2 protein chains.
Amino acid sequence: MGYRYQQLERELIEQISSGRIPVGSKLPSIRLQCQQTGFSKATVIHAYERLEAAGFVEVRRKSGYFVSAQQDAEPGLAAIEPTLPQVMTEPHLIDMSDVMRDIMTHNAAFDIAPQMDKRSQRPVGITDLNRCLARALRQQAGSAHQYYDEPAGLLSLRQQIAQRYQRLGCHVNEADVLITAGCQHGLSLALQSCCKPGDIVAVESPGFYGVLQLLESMGLQVLEIPVTAHEGLSIEALSNALGKWEIAACVVTPAFATPLGSVMPVNERKKLIQLAEQFGFTIVEDDIYADLSFGARQPPLKQLDQSQHVILCGSYSKSLSRELRLGWVIASHGQAALMGLKMVNILALSRFTQQGLVEYLNEGMYEKHLRKLKPLLKAQRDQLIELLFQFWQSLGEIRISQPQGGLALWVELEERFNVAACYLDARRQGIVITPGNLFTAQDQFKHCLRISFAHPWNDQRKEAIKRLGAILLKKGLS
Amino acid sequence: MGYRYQQLERELIEQISSGRIPVGSKLPSIRLQCQQTGFSKATVIHAYERLEAAGFVEVRRKSGYFVSAQQDAEPGLAAIEPTLPQVMTEPHLIDMSDVMRDIMTHNAAFDIAPQMDKRSQRPVGITDLNRCLARALRQQAGSAHQYYDEPAGLLSLRQQIAQRYQRLGCHVNEADVLITAGCQHGLSLALQSCCKPGDIVAVESPGFYGVLQLLESMGLQVLEIPVTAHEGLSIEALSNALGKWEIAACVVTPAFATPLGSVMPVNERKKLIQLAEQFGFTIVEDDIYADLSFGARQPPLKQLDQSQHVILCGSYSKSLSRELRLGWVIASHGQAALMGLKMVNILALSRFTQQGLVEYLNEGMYEKHLRKLKPLLKAQRDQLIELLFQFWQSLGEIRISQPQGGLALWVELEERFNVAACYLDARRQGIVITPGNLFTAQDQFKHCLRISFAHPWNDQRKEAIKRLGAILLKKGLS
């Protein structure tokens with residue numbers, strides 16, 4: 001029944017969610033907990049840190065761990081967490097499938113039943129954003145259309161982004177920030193700046209397919225490092241790999257990594273940075289989901305980065321709008337090289353979209369938007385879990401991740417299933433799925449899939465879940 | 001006094017501009033011209049084609065050459081055309097200077113006295129464009145912010161771009177068009193699709209610094225092919241080079257190539273395509289300035305491309321707005337590979353900017369905008385030439401290109417000058433120059449500079465030209 005820290009963790013989650021340890025109250029001190037449970041200090045610390053990473057508790061300096069508000073737990077679900085195989089093969093050049101292009105062409109990476117509905121209600125936060133963009137267009141300097149945006153991006157936007165990270169304890173300033181055309185663009189520039197063809201790059205497995213595709217197009221070798229639902233990238237596996245291969249970079253999403261939604265505990269983050277220092281590789285951090293934490297917003301890995309080994313990438317695409325095409329790369333040194341790469345790649349960005357966004361941020365509209373969005377996403381996550389239990393009972397045992405943020409669940413079916421085999425059948429019924437094997441270049445996760453809870457569960461999407469269950473039973477057992 | 005075709009060409013320009021051969025009238029047939037002048041048929045054809053390329057005359061099928069409207073000539077200037085050295089060195093990896101970054105950071109690639117003035121009048125065409133963009137924002141589907149644009153770009157924009165080229169005689173359709181974040185982005189994707197590190201790429205010399213920077217960042221070897229003010233890329237030099245080296249691609253701007261504004265005659269274009277067929281290299285065509293022709297809009301090289309050797313890149317940045325960040329790549333095959341490269345690089349573009357632009361194009365506003373812009377640019381070009389004659393007399397002999405389109409002049413001073421040596425002195429006075437040596441990675445064009453006529457010659461910019469003359473005299477003769 002798992003490790004001791006998991007045992008303690010589950011007990012505490014149950015006590016917190018049942019209200020036996022109420023919101024705002026202090027957890028027993030580490031010493032007291034050791035005495036009460038007989039567990040070692042390391043076990044208790046580990047469990048407490050994981051509760052913190054998951055947003056159940058927060059640390060108050062020199063006072064201890066306190067139960068957070070805004071959190072509830074799913075103790076029932078804790079029993080059906082994914083049990084990922086910890087498989088690792090050698091680094092290799094990869095060839096991604098066409099399925100990903102098909103999914104993108106159908107506009108459906110995050111919607112099981114894509115249906116961009118003109119009539120659907122626009123969230124207030126987006127109406128506000130569009131208003132800010134339109135105002136920026138009206139207020140534009142008369143000759144602005146004749147000038148390119150400066151290479152680093154709009155200064156006021158860089159300041160906003162730097163300040164936001166400063167509030168999270170990061171030592172960054174506007175000169176470190178480079179505005180990009182989204183997070184994928186940032187990852188692309190970051191990897192170009194620290195890798196040359198043939199280099200080995202460590203990635204999460206399962207992990208973001210966009211990174212796998214990027215590595216493929218850059219002629220970089222992929223080394224997939226297993227992740228766990230609770231801790232993300234396995235530091236142990238990475239550490240072993242570093243003994244065998246020379247790794248140029250490690251791409252990691254410490255907060256709500258797609259597809260599992262794992263959050264790296266602080267201790268694991270520290271170990272990762274220590275490894276980067278010891279072995280001299282670059283950590284490319286993908287911070288795109290961190291603003292979508294159902295609990296407190298976690299600082300990025302970059303916050304712990306004293307030795308400048310982390311290049312931090314982020315974007316407003318997931319948390320605000322995929323239409324903005326604005327993201328950032330933060331590298332304390334190497335910023336000039338990144339800017340050079342951006343210039344030869346896309347020269348510049350729209351100034352007016354940046355100006356509109358700055359106004360939006362300045363007026364606190366982004367925070368307001370997030371405050372509305374996050375409970376919505378959480379409710380949609382819960383509904384999705386219910387829908388799966390309701391409609392997929394006949395599929396046998398199902399394991400589901402319990403992300404405390406982000407946009408998607410990871411669902412593991414029994415190993416006899418082949419989700420990818422259902423792709424075309426589902427698409428014929430207007431259902432677009434992201435099979436588990438897209439999140440790896442190794443031969444695994446065929447019985448898994450990612451399901452997004454980014455959209456409201458209207459009748460069409462409920463029906464899609466139901467039908468998909470039937471398709472999986474009919475076609476997925478080949 | 002030059003070749004025979006030049007002699008005939010000058011005589012005809014003089015007769016056309018003096019009105020002795022009026023607009024709409026037919027030039028003597030080639031046979032008759034040969035009889036009257038004693039020149040060979042090849043000489044006459046060459047001269048006629050050059051007049052056509054420069055927009056003085058147009059060909060009517062089976063009828064002959066007719067004098068175009070909208071043209072006037074500067075016979076006085078014909079005598080002071082640039083005489084470019086036809087230097088060519090071996091292919092080599094390059095290292096571009098920081099000056100370019102400085103120029104971009106000062107927002108001044110196309111403005112000698114950058115001063116983005118809030119109070120300056122916005123052209124009607126841009127107010128219209130911004131209105132279309134704002135309307136697209138208002139009319140956006142309610143959940144559009146949750147969906148990425150499809151990988152190839154908005155279908156209706158691709159159709160518009162394809163139709164425009166179809167009207168110019170190109171066999172392209174919307175499936176061949178990939179929307180990009182501008183022309184530089186298109187060039188970047190195009191070169192990625194046809195070159196691997198270490199490959200040799202032929203470029204115009206002097207030529208666009210953005211291409212040189214791109215080749216540097218991609219680890220490609222540069223082979224600079226001399227250009228002439230009248231014919232652009234020297235086909236003879238390229239042909240010789242092809243005998244010596246294996247060239248993977250040739251980047252060429254057949255219409256109003258920066259910095260000289262040369263236009264490749266039809267015959268030279270045909271020869272270029274023949275060479276591509278014979279030696280199996282890809283032609284990457286930069287069509288960004290073609291819409292800014294003071295005469296008729298020339299078809300792209302792609303129009304002659306029966307054998308699919310041309311990848312055509314273009315953008316609305318120069319002819320409409322640098323704020324849009326929208327361009328295109330057209331490759332009849334290899335489109336899937338380009339789309340894959342775009343996806344891993346920037347994933348997608350803003351849908352609303354594309355939707356706004358489509359409405360703008362649909363309503364004929366772009367053509368209307370161009371009809372206003374082009375005479376303005378032509379007048380600004382003439383004013384700039386006058387300003388140079390007025391203020392730079394003390395600099396000795398000056399040679400100036402006579403572009404029949406585009407945004408900039410190429411100015412050759414006497415060889416004793418070093419323009420780049422004046423860069424910082426000029427910048428201290430708010431003057432940003434683009435010295436000739438930026439347009440090459442070889443040690444040449446130090447006595448040259450490009451001067452833009454994209455902006456109105458207000459007092460500040462007139463003063464900048466005057467002051468720059470003084471700076472060149474004081475600091476440029478080191």
# chains A, B, ... in the order shown; residues from 1 in each chain; ligands from 1

$ interface_residues --of "chain B" --to "chain A" --cutoff "7 Å" --atoms "only C-alpha atoms" --output "PyMOL selection string"
chain B and resi 104-105+107+116-122+130+134+137+141-148+150-151+181-182+184-185+188+210+213-214+217+321-325+341+344-347+349-351

$ residues_around --residues "region 383-391 of chain A" --least-positions-apart "3" --cutoff "9 Å" --atoms "only C-alpha atoms" --output "VMD selection string"
chain A and resid 378 to 380 394 to 395 398 400 409 451 to 453 457 462 465 to 467 469 to 470

$ write_last_selection --atoms "C-alpha atoms" --output "PDB file, in the first residue's frame"
ATOM      1  CA  LYS A 378     -11.865  22.821 -10.671  1.00  0.00           C
ATOM      2  CA  ALA A 379     -15.594  22.199 -10.961  1.00  0.00           C
ATOM      3  CA  GLN A 380     -15.113  21.028 -14.538  1.00  0.00           C
ATOM      4  CA  SER A 394     -17.907  -1.103 -18.158  1.00  0.00           C
ATOM      5  CA  LEU A 395     -14.279  -0.436 -19.063  1.00  0.00           C
ATOM      6  CA  ILE A 398      -9.722   3.167 -14.376  1.00  0.00           C
ATOM      7  CA  ILE A 400      -7.216   8.968 -12.900  1.00  0.00           C
ATOM      8  CA  LEU A 409      -6.688  14.677 -16.478  1.00  0.00           C
ATOM      9  CA  ILE A 451      -8.796  14.406 -21.255  1.00  0.00           C
ATOM     10  CA  SER A 452      -9.138  18.141 -20.937  1.00  0.00           C
ATOM     11  CA  PHE A 453     -11.499  19.854 -18.520  1.00  0.00           C
ATOM     12  CA  TRP A 457     -19.475  19.929 -19.762  1.00  0.00           C
ATOM     13  CA  LYS A 462     -21.033  14.754 -21.944  1.00  0.00           C
ATOM     14  CA  ILE A 465     -17.425  11.108 -23.032  1.00  0.00           C
ATOM     15  CA  LYS A 466     -20.209   8.559 -23.119  1.00  0.00           C
ATOM     16  CA  ARG A 467     -19.676   7.689 -26.767  1.00  0.00           C
ATOM     17  CA  GLY A 469     -16.423   4.912 -23.642  1.00  0.00           C
ATOM     18  CA  ALA A 470     -18.450   2.846 -26.110  1.00  0.00           C
TER      19      ALA A 470
END

$ closest_residue --among "A:Pro91, A:Gly24, A:Pro82, A:Gly219" --to "Gly64 (chain A)" --atoms "only C-alpha atoms"
A:Gly24

$ residues_around --residues "Phe281 (chain B)" --least-positions-apart "4" --cutoff "12 Å" --atoms "only C-alpha atoms" --output "list in words"
Leu191, Cys194, Cys195, Asp199, Ile200, Val201, Ala202, Leu238, Leu242, Trp245, Glu246, Ile247, Ala248, Ala249, Cys250, Val251, Leu272, Ile273, Gln274, Leu275, Ala276, Glu277, Ser307, Gln308, His309, Val310 and Ile311 of chain B

$ write_last_selection --atoms "N, CA and C atoms" --output "PDB file, in the first residue's frame"
ATOM      1  N   LEU B 191      14.089  28.244 -45.170  1.00  0.00           N
ATOM      2  CA  LEU B 191      15.482  27.774 -45.154  1.00  0.00           C
ATOM      3  C   LEU B 191      15.637  26.530 -44.295  1.00  0.00           C
ATOM      4  N   CYS B 194      14.749  23.452 -46.352  1.00  0.00           N
ATOM      5  CA  CYS B 194      15.546  22.998 -47.502  1.00  0.00           C
ATOM      6  C   CYS B 194      17.058  22.962 -47.234  1.00  0.00           C
ATOM      7  N   CYS B 195      17.482  23.291 -46.023  1.00  0.00           N
ATOM      8  CA  CYS B 195      18.922  23.290 -45.729  1.00  0.00           C
ATOM      9  C   CYS B 195      19.209  22.562 -44.419  1.00  0.00           C
ATOM     10  N   ASP B 199      25.343  23.593 -45.021  1.00  0.00           N
ATOM     11  CA  ASP B 199      25.002  23.801 -46.435  1.00  0.00           C
ATOM     12  C   ASP B 199      25.398  25.208 -46.895  1.00  0.00           C
ATOM     13  N   ILE B 200      25.567  25.334 -48.197  1.00  0.00           N
ATOM     14  CA  ILE B 200      25.902  26.634 -48.786  1.00  0.00           C
ATOM     15  C   ILE B 200      24.630  27.287 -49.330  1.00  0.00           C
ATOM     16  N   VAL B 201      24.435  28.545 -48.968  1.00  0.00           N
ATOM     17  CA  VAL B 201      23.281  29.299 -49.462  1.00  0.00           C
ATOM     18  C   VAL B 201      23.785  30.539 -50.196  1.00  0.00           C
ATOM     19  N   ALA B 202      23.326  30.712 -51.430  1.00  0.00           N
ATOM     20  CA  ALA B 202      23.696  31.886 -52.222  1.00  0.00           C
ATOM     21  C   ALA B 202      22.745  33.032 -51.889  1.00  0.00           C
ATOM     22  N   LEU B 238      26.317  33.666 -60.379  1.00  0.00           N
ATOM     23  CA  LEU B 238      25.716  32.488 -59.741  1.00  0.00           C
ATOM     24  C   LEU B 238      26.051  31.236 -60.543  1.00  0.00           C
ATOM     25  N   LEU B 242      27.975  27.921 -59.267  1.00  0.00           N
ATOM     26  CA  LEU B 242      27.375  26.584 -59.280  1.00  0.00           C
ATOM     27  C   LEU B 242      28.327  25.547 -59.860  1.00  0.00           C
ATOM     28  N   TRP B 245      30.724  25.103 -56.465  1.00  0.00           N
ATOM     29  CA  TRP B 245      30.236  24.659 -55.168  1.00  0.00           C
ATOM     30  C   TRP B 245      28.838  24.061 -55.275  1.00  0.00           C
ATOM     31  N   GLU B 246      28.533  23.190 -54.345  1.00  0.00           N
ATOM     32  CA  GLU B 246      27.173  22.642 -54.281  1.00  0.00           C
ATOM     33  C   GLU B 246      26.309  23.575 -53.440  1.00  0.00           C
ATOM     34  N   ILE B 247      25.372  24.203 -54.080  1.00  0.00           N
ATOM     35  CA  ILE B 247      24.543  25.206 -53.405  1.00  0.00           C
ATOM     36  C   ILE B 247      23.185  24.591 -53.079  1.00  0.00           C
ATOM     37  N   ALA B 248      22.773  24.710 -51.796  1.00  0.00           N
ATOM     38  CA  ALA B 248      21.506  24.105 -51.382  1.00  0.00           C
ATOM     39  C   ALA B 248      20.324  25.015 -51.693  1.00  0.00           C
ATOM     40  N   ALA B 249      20.548  26.312 -51.550  1.00  0.00           N
ATOM     41  CA  ALA B 249      19.445  27.250 -51.763  1.00  0.00           C
ATOM     42  C   ALA B 249      20.000  28.599 -52.190  1.00  0.00           C
ATOM     43  N   CYS B 250      19.137  29.365 -52.847  1.00  0.00           N
ATOM     44  CA  CYS B 250      19.498  30.727 -53.233  1.00  0.00           C
ATOM     45  C   CYS B 250      18.361  31.633 -52.775  1.00  0.00           C
ATOM     46  N   VAL B 251      18.672  32.598 -51.900  1.00  0.00           N
ATOM     47  CA  VAL B 251      17.651  33.540 -51.436  1.00  0.00           C
ATOM     48  C   VAL B 251      17.716  34.770 -52.328  1.00  0.00           C
ATOM     49  N   LEU B 272      17.495  31.970 -63.924  1.00  0.00           N
ATOM     50  CA  LEU B 272      17.659  31.536 -62.530  1.00  0.00           C
ATOM     51  C   LEU B 272      16.919  30.220 -62.294  1.00  0.00           C
ATOM     52  N   ILE B 273      15.690  30.168 -62.803  1.00  0.00           N
ATOM     53  CA  ILE B 273      14.906  28.943 -62.620  1.00  0.00           C
ATOM     54  C   ILE B 273      15.541  27.765 -63.373  1.00  0.00           C
ATOM     55  N   GLN B 274      16.057  28.060 -64.557  1.00  0.00           N
ATOM     56  CA  GLN B 274      16.758  26.999 -65.302  1.00  0.00           C
ATOM     57  C   GLN B 274      17.949  26.451 -64.509  1.00  0.00           C
ATOM     58  N   LEU B 275      18.680  27.376 -63.880  1.00  0.00           N
ATOM     59  CA  LEU B 275      19.818  26.941 -63.061  1.00  0.00           C
ATOM     60  C   LEU B 275      19.351  26.078 -61.891  1.00  0.00           C
ATOM     61  N   ALA B 276      18.262  26.477 -61.267  1.00  0.00           N
ATOM     62  CA  ALA B 276      17.727  25.698 -60.141  1.00  0.00           C
ATOM     63  C   ALA B 276      17.355  24.294 -60.595  1.00  0.00           C
ATOM     64  N   GLU B 277      16.760  24.221 -61.798  1.00  0.00           N
ATOM     65  CA  GLU B 277      16.380  22.904 -62.341  1.00  0.00           C
ATOM     66  C   GLU B 277      17.619  22.065 -62.650  1.00  0.00           C
ATOM     67  N   SER B 307       8.582  23.875 -62.359  1.00  0.00           N
ATOM     68  CA  SER B 307       9.186  22.661 -61.810  1.00  0.00           C
ATOM     69  C   SER B 307       9.243  22.650 -60.283  1.00  0.00           C
ATOM     70  N   GLN B 308       8.556  23.606 -59.659  1.00  0.00           N
ATOM     71  CA  GLN B 308       8.437  23.643 -58.185  1.00  0.00           C
ATOM     72  C   GLN B 308       9.789  23.761 -57.489  1.00  0.00           C
ATOM     73  N   HIS B 309      10.596  24.686 -57.945  1.00  0.00           N
ATOM     74  CA  HIS B 309      11.863  24.941 -57.270  1.00  0.00           C
ATOM     75  C   HIS B 309      11.825  26.186 -56.398  1.00  0.00           C
ATOM     76  N   VAL B 310      10.704  26.930 -56.456  1.00  0.00           N
ATOM     77  CA  VAL B 310      10.640  28.210 -55.750  1.00  0.00           C
ATOM     78  C   VAL B 310       9.755  28.114 -54.504  1.00  0.00           C
ATOM     79  N   ILE B 311      10.284  28.552 -53.371  1.00  0.00           N
ATOM     80  CA  ILE B 311       9.464  28.783 -52.179  1.00  0.00           C
ATOM     81  C   ILE B 311       9.293  30.291 -52.083  1.00  0.00           C
TER      82      ILE B 311
END

$ residues_around --residues "region 161-170 of chain B" --least-positions-apart "5" --cutoff "9 Å" --atoms "only C-alpha atoms" --output "mmCIF file with all heavy atoms, in the first residue's frame"
data_model
loop_
_atom_site.group_PDB
_atom_site.id
_atom_site.type_symbol
_atom_site.label_atom_id
_atom_site.label_comp_id
_atom_site.auth_asym_id
_atom_site.auth_seq_id
_atom_site.Cartn_x
_atom_site.Cartn_y
_atom_site.Cartn_z
ATOM 1 N N SER B 156 -9.605 31.627 -44.960
ATOM 2 C CA SER B 156 -10.033 32.740 -45.818
ATOM 3 C C SER B 156 -8.865 33.669 -46.151
ATOM 4 O O SER B 156 -8.824 34.259 -47.229
ATOM 5 C CB SER B 156 -11.173 33.518 -45.154
ATOM 6 O OG SER B 156 -10.829 33.869 -43.833
ATOM 7 N N ALA B 175 -4.232 25.738 -50.490
ATOM 8 C CA ALA B 175 -3.552 24.634 -49.791
ATOM 9 C C ALA B 175 -2.036 24.794 -49.832
ATOM 10 O O ALA B 175 -1.314 24.194 -49.036
ATOM 11 C CB ALA B 175 -3.948 23.293 -50.415
ATOM 12 N N ASP B 176 -1.548 25.611 -50.775
ATOM 13 C CA ASP B 176 -0.105 25.836 -50.885
ATOM 14 C C ASP B 176 0.370 26.935 -49.928
ATOM 15 O O ASP B 176 1.574 27.132 -49.767
ATOM 16 C CB ASP B 176 0.266 26.277 -52.310
ATOM 17 C CG ASP B 176 -0.205 25.296 -53.365
ATOM 18 O OD1 ASP B 176 -0.177 24.088 -53.076
ATOM 19 O OD2 ASP B 176 -0.608 25.731 -54.462
ATOM 20 N N VAL B 177 -0.569 27.675 -49.363
ATOM 21 C CA VAL B 177 -0.211 28.862 -48.573
ATOM 22 C C VAL B 177 -0.138 28.518 -47.090
ATOM 23 O O VAL B 177 -1.039 27.886 -46.543
ATOM 24 C CB VAL B 177 -1.243 29.994 -48.791
ATOM 25 C CG1 VAL B 177 -0.856 31.235 -47.981
ATOM 26 C CG2 VAL B 177 -1.372 30.343 -50.268
ATOM 27 N N ARG B 297 2.427 46.081 -60.751
ATOM 28 C CA ARG B 297 2.886 45.059 -59.812
ATOM 29 C C ARG B 297 3.448 43.897 -60.632
ATOM 30 O O ARG B 297 2.748 43.309 -61.451
ATOM 31 C CB ARG B 297 1.689 44.590 -58.978
ATOM 32 C CG ARG B 297 1.976 44.025 -57.601
ATOM 33 C CD ARG B 297 2.602 42.666 -57.577
ATOM 34 N NE ARG B 297 2.656 42.140 -56.186
ATOM 35 C CZ ARG B 297 3.391 41.103 -55.834
ATOM 36 N NH1 ARG B 297 4.153 40.482 -56.710
ATOM 37 N NH2 ARG B 297 3.374 40.687 -54.579
ATOM 38 N N GLN B 298 4.713 43.586 -60.441
ATOM 39 C CA GLN B 298 5.345 42.492 -61.165
ATOM 40 C C GLN B 298 4.904 41.147 -60.573
ATOM 41 O O GLN B 298 4.792 41.023 -59.363
ATOM 42 C CB GLN B 298 6.865 42.582 -61.016
ATOM 43 C CG GLN B 298 7.473 43.886 -61.455
ATOM 44 C CD GLN B 298 7.667 43.946 -62.948
ATOM 45 O OE1 GLN B 298 8.036 42.973 -63.560
ATOM 46 N NE2 GLN B 298 7.376 45.101 -63.529
ATOM 47 N N PRO B 299 4.689 40.142 -61.414
ATOM 48 C CA PRO B 299 4.452 38.801 -60.865
ATOM 49 C C PRO B 299 5.721 38.322 -60.148
ATOM 50 O O PRO B 299 6.810 38.784 -60.471
ATOM 51 C CB PRO B 299 4.207 37.935 -62.108
ATOM 52 C CG PRO B 299 4.097 38.864 -63.255
ATOM 53 C CD PRO B 299 4.764 40.142 -62.877
ATOM 54 N N PRO B 300 5.579 37.427 -59.199
ATOM 55 C CA PRO B 300 6.789 36.905 -58.551
ATOM 56 C C PRO B 300 7.490 35.913 -59.474
ATOM 57 O O PRO B 300 6.923 35.472 -60.473
ATOM 58 C CB PRO B 300 6.242 36.209 -57.319
ATOM 59 C CG PRO B 300 4.885 35.752 -57.720
ATOM 60 C CD PRO B 300 4.360 36.801 -58.669
ATOM 61 N N LYS B 302 7.926 33.007 -58.794
ATOM 62 C CA LYS B 302 7.089 31.803 -58.656
ATOM 63 C C LYS B 302 6.177 31.599 -59.865
ATOM 64 O O LYS B 302 5.825 30.466 -60.178
ATOM 65 C CB LYS B 302 6.259 31.950 -57.373
ATOM 66 C CG LYS B 302 5.360 30.779 -57.022
ATOM 67 C CD LYS B 302 6.123 29.687 -56.312
ATOM 68 C CE LYS B 302 5.306 28.437 -56.112
ATOM 69 N NZ LYS B 302 6.164 27.263 -55.900
ATOM 70 N N GLN B 303 5.809 32.690 -60.512
ATOM 71 C CA GLN B 303 4.923 32.588 -61.673
ATOM 72 C C GLN B 303 5.566 31.757 -62.785
ATOM 73 O O GLN B 303 4.886 31.105 -63.563
ATOM 74 C CB GLN B 303 4.601 34.001 -62.184
ATOM 75 C CG GLN B 303 3.588 34.025 -63.324
ATOM 76 C CD GLN B 303 4.080 34.875 -64.479
ATOM 77 O OE1 GLN B 303 5.059 35.611 -64.367
ATOM 78 N NE2 GLN B 303 3.392 34.778 -65.608
ATOM 79 N N LEU B 304 6.888 31.794 -62.865
ATOM 80 C CA LEU B 304 7.611 31.071 -63.919
ATOM 81 C C LEU B 304 8.012 29.660 -63.482
ATOM 82 O O LEU B 304 8.650 28.932 -64.230
ATOM 83 C CB LEU B 304 8.882 31.849 -64.298
ATOM 84 C CG LEU B 304 8.700 33.303 -64.727
ATOM 85 C CD1 LEU B 304 10.039 34.012 -64.767
ATOM 86 C CD2 LEU B 304 8.013 33.365 -66.093
ATOM 87 N N ASP B 305 7.622 29.296 -62.263
ATOM 88 C CA ASP B 305 8.160 28.104 -61.612
ATOM 89 C C ASP B 305 7.345 26.854 -61.951
ATOM 90 O O ASP B 305 6.530 26.396 -61.154
ATOM 91 C CB ASP B 305 8.177 28.361 -60.098
ATOM 92 C CG ASP B 305 8.709 27.186 -59.298
ATOM 93 O OD1 ASP B 305 9.609 26.496 -59.798
ATOM 94 O OD2 ASP B 305 8.215 26.978 -58.170
ATOM 95 N N TRP B 328 3.465 35.089 -45.377
ATOM 96 C CA TRP B 328 3.112 33.794 -45.927
ATOM 97 C C TRP B 328 4.324 33.106 -46.539
ATOM 98 O O TRP B 328 5.315 33.757 -46.875
ATOM 99 C CB TRP B 328 2.033 33.951 -47.010
ATOM 100 C CG TRP B 328 2.412 34.896 -48.103
ATOM 101 C CD1 TRP B 328 3.117 34.597 -49.244
ATOM 102 C CD2 TRP B 328 2.130 36.305 -48.179
ATOM 103 N NE1 TRP B 328 3.284 35.727 -50.005
ATOM 104 C CE2 TRP B 328 2.686 36.790 -49.384
ATOM 105 C CE3 TRP B 328 1.448 37.199 -47.346
ATOM 106 C CZ2 TRP B 328 2.601 38.128 -49.765
ATOM 107 C CZ3 TRP B 328 1.367 38.537 -47.725
ATOM 108 C CH2 TRP B 328 1.931 38.981 -48.926
ATOM 109 N N ILE B 330 4.742 30.125 -49.603
ATOM 110 C CA ILE B 330 4.028 29.310 -50.588
ATOM 111 C C ILE B 330 5.009 28.328 -51.208
ATOM 112 O O ILE B 330 5.991 28.732 -51.826
ATOM 113 C CB ILE B 330 3.378 30.194 -51.676
ATOM 114 C CG1 ILE B 330 2.369 31.159 -51.028
ATOM 115 C CG2 ILE B 330 2.700 29.337 -52.742
ATOM 116 C CD1 ILE B 330 1.681 32.089 -51.992
#

$ closest_residue --among "A:His171, A:Phe208, A:Gln442, A:Ala257" --to "Ser332 (chain A)" --atoms "only C-alpha atoms"
A:His171

$ select_by_dssp --residues "region 62-310 of chain B" --states "strand (DSSP E)" --output "number ranges by chain"
B: 64-67, 177-180, 200-205, 221-228, 232-233, 247-252, 255-257, 262-263, 282-286, 310

$ select_by_dssp --residues "region 43-159 of chain B" --states "alpha helix (DSSP H)" --output "PyMOL selection string"
chain B and resi 43-53+75-78+99-105+124-139+155-159

$ decode --residues "region 462-478 of chain A" --atoms "C-alpha atoms" --output "short mmCIF file (atom, residue, chain, number, x, y, z; two decimals), in the first residue's frame"
data_model
loop_
_atom_site.label_atom_id
_atom_site.label_comp_id
_atom_site.auth_asym_id
_atom_site.auth_seq_id
_atom_site.Cartn_x
_atom_site.Cartn_y
_atom_site.Cartn_z
CA LYS A 462 -21.03 14.75 -21.94
CA GLU A 463 -22.28 12.75 -24.88
CA ALA A 464 -18.71 12.68 -26.26
CA ILE A 465 -17.42 11.11 -23.03
CA LYS A 466 -20.21 8.56 -23.12
CA ARG A 467 -19.68 7.69 -26.77
CA LEU A 468 -15.93 7.54 -26.34
CA GLY A 469 -16.42 4.91 -23.64
CA ALA A 470 -18.45 2.85 -26.11
CA ILE A 471 -15.85 3.32 -28.88
CA LEU A 472 -13.05 2.26 -26.53
CA LEU A 473 -14.91 -0.93 -25.67
CA LYS A 474 -15.74 -1.67 -29.28
CA LYS A 475 -12.50 -0.71 -31.03
CA GLY A 476 -9.93 -0.29 -28.29
CA LEU A 477 -9.54 -3.95 -27.43
CA SER A 478 -8.02 -5.02 -30.74
#
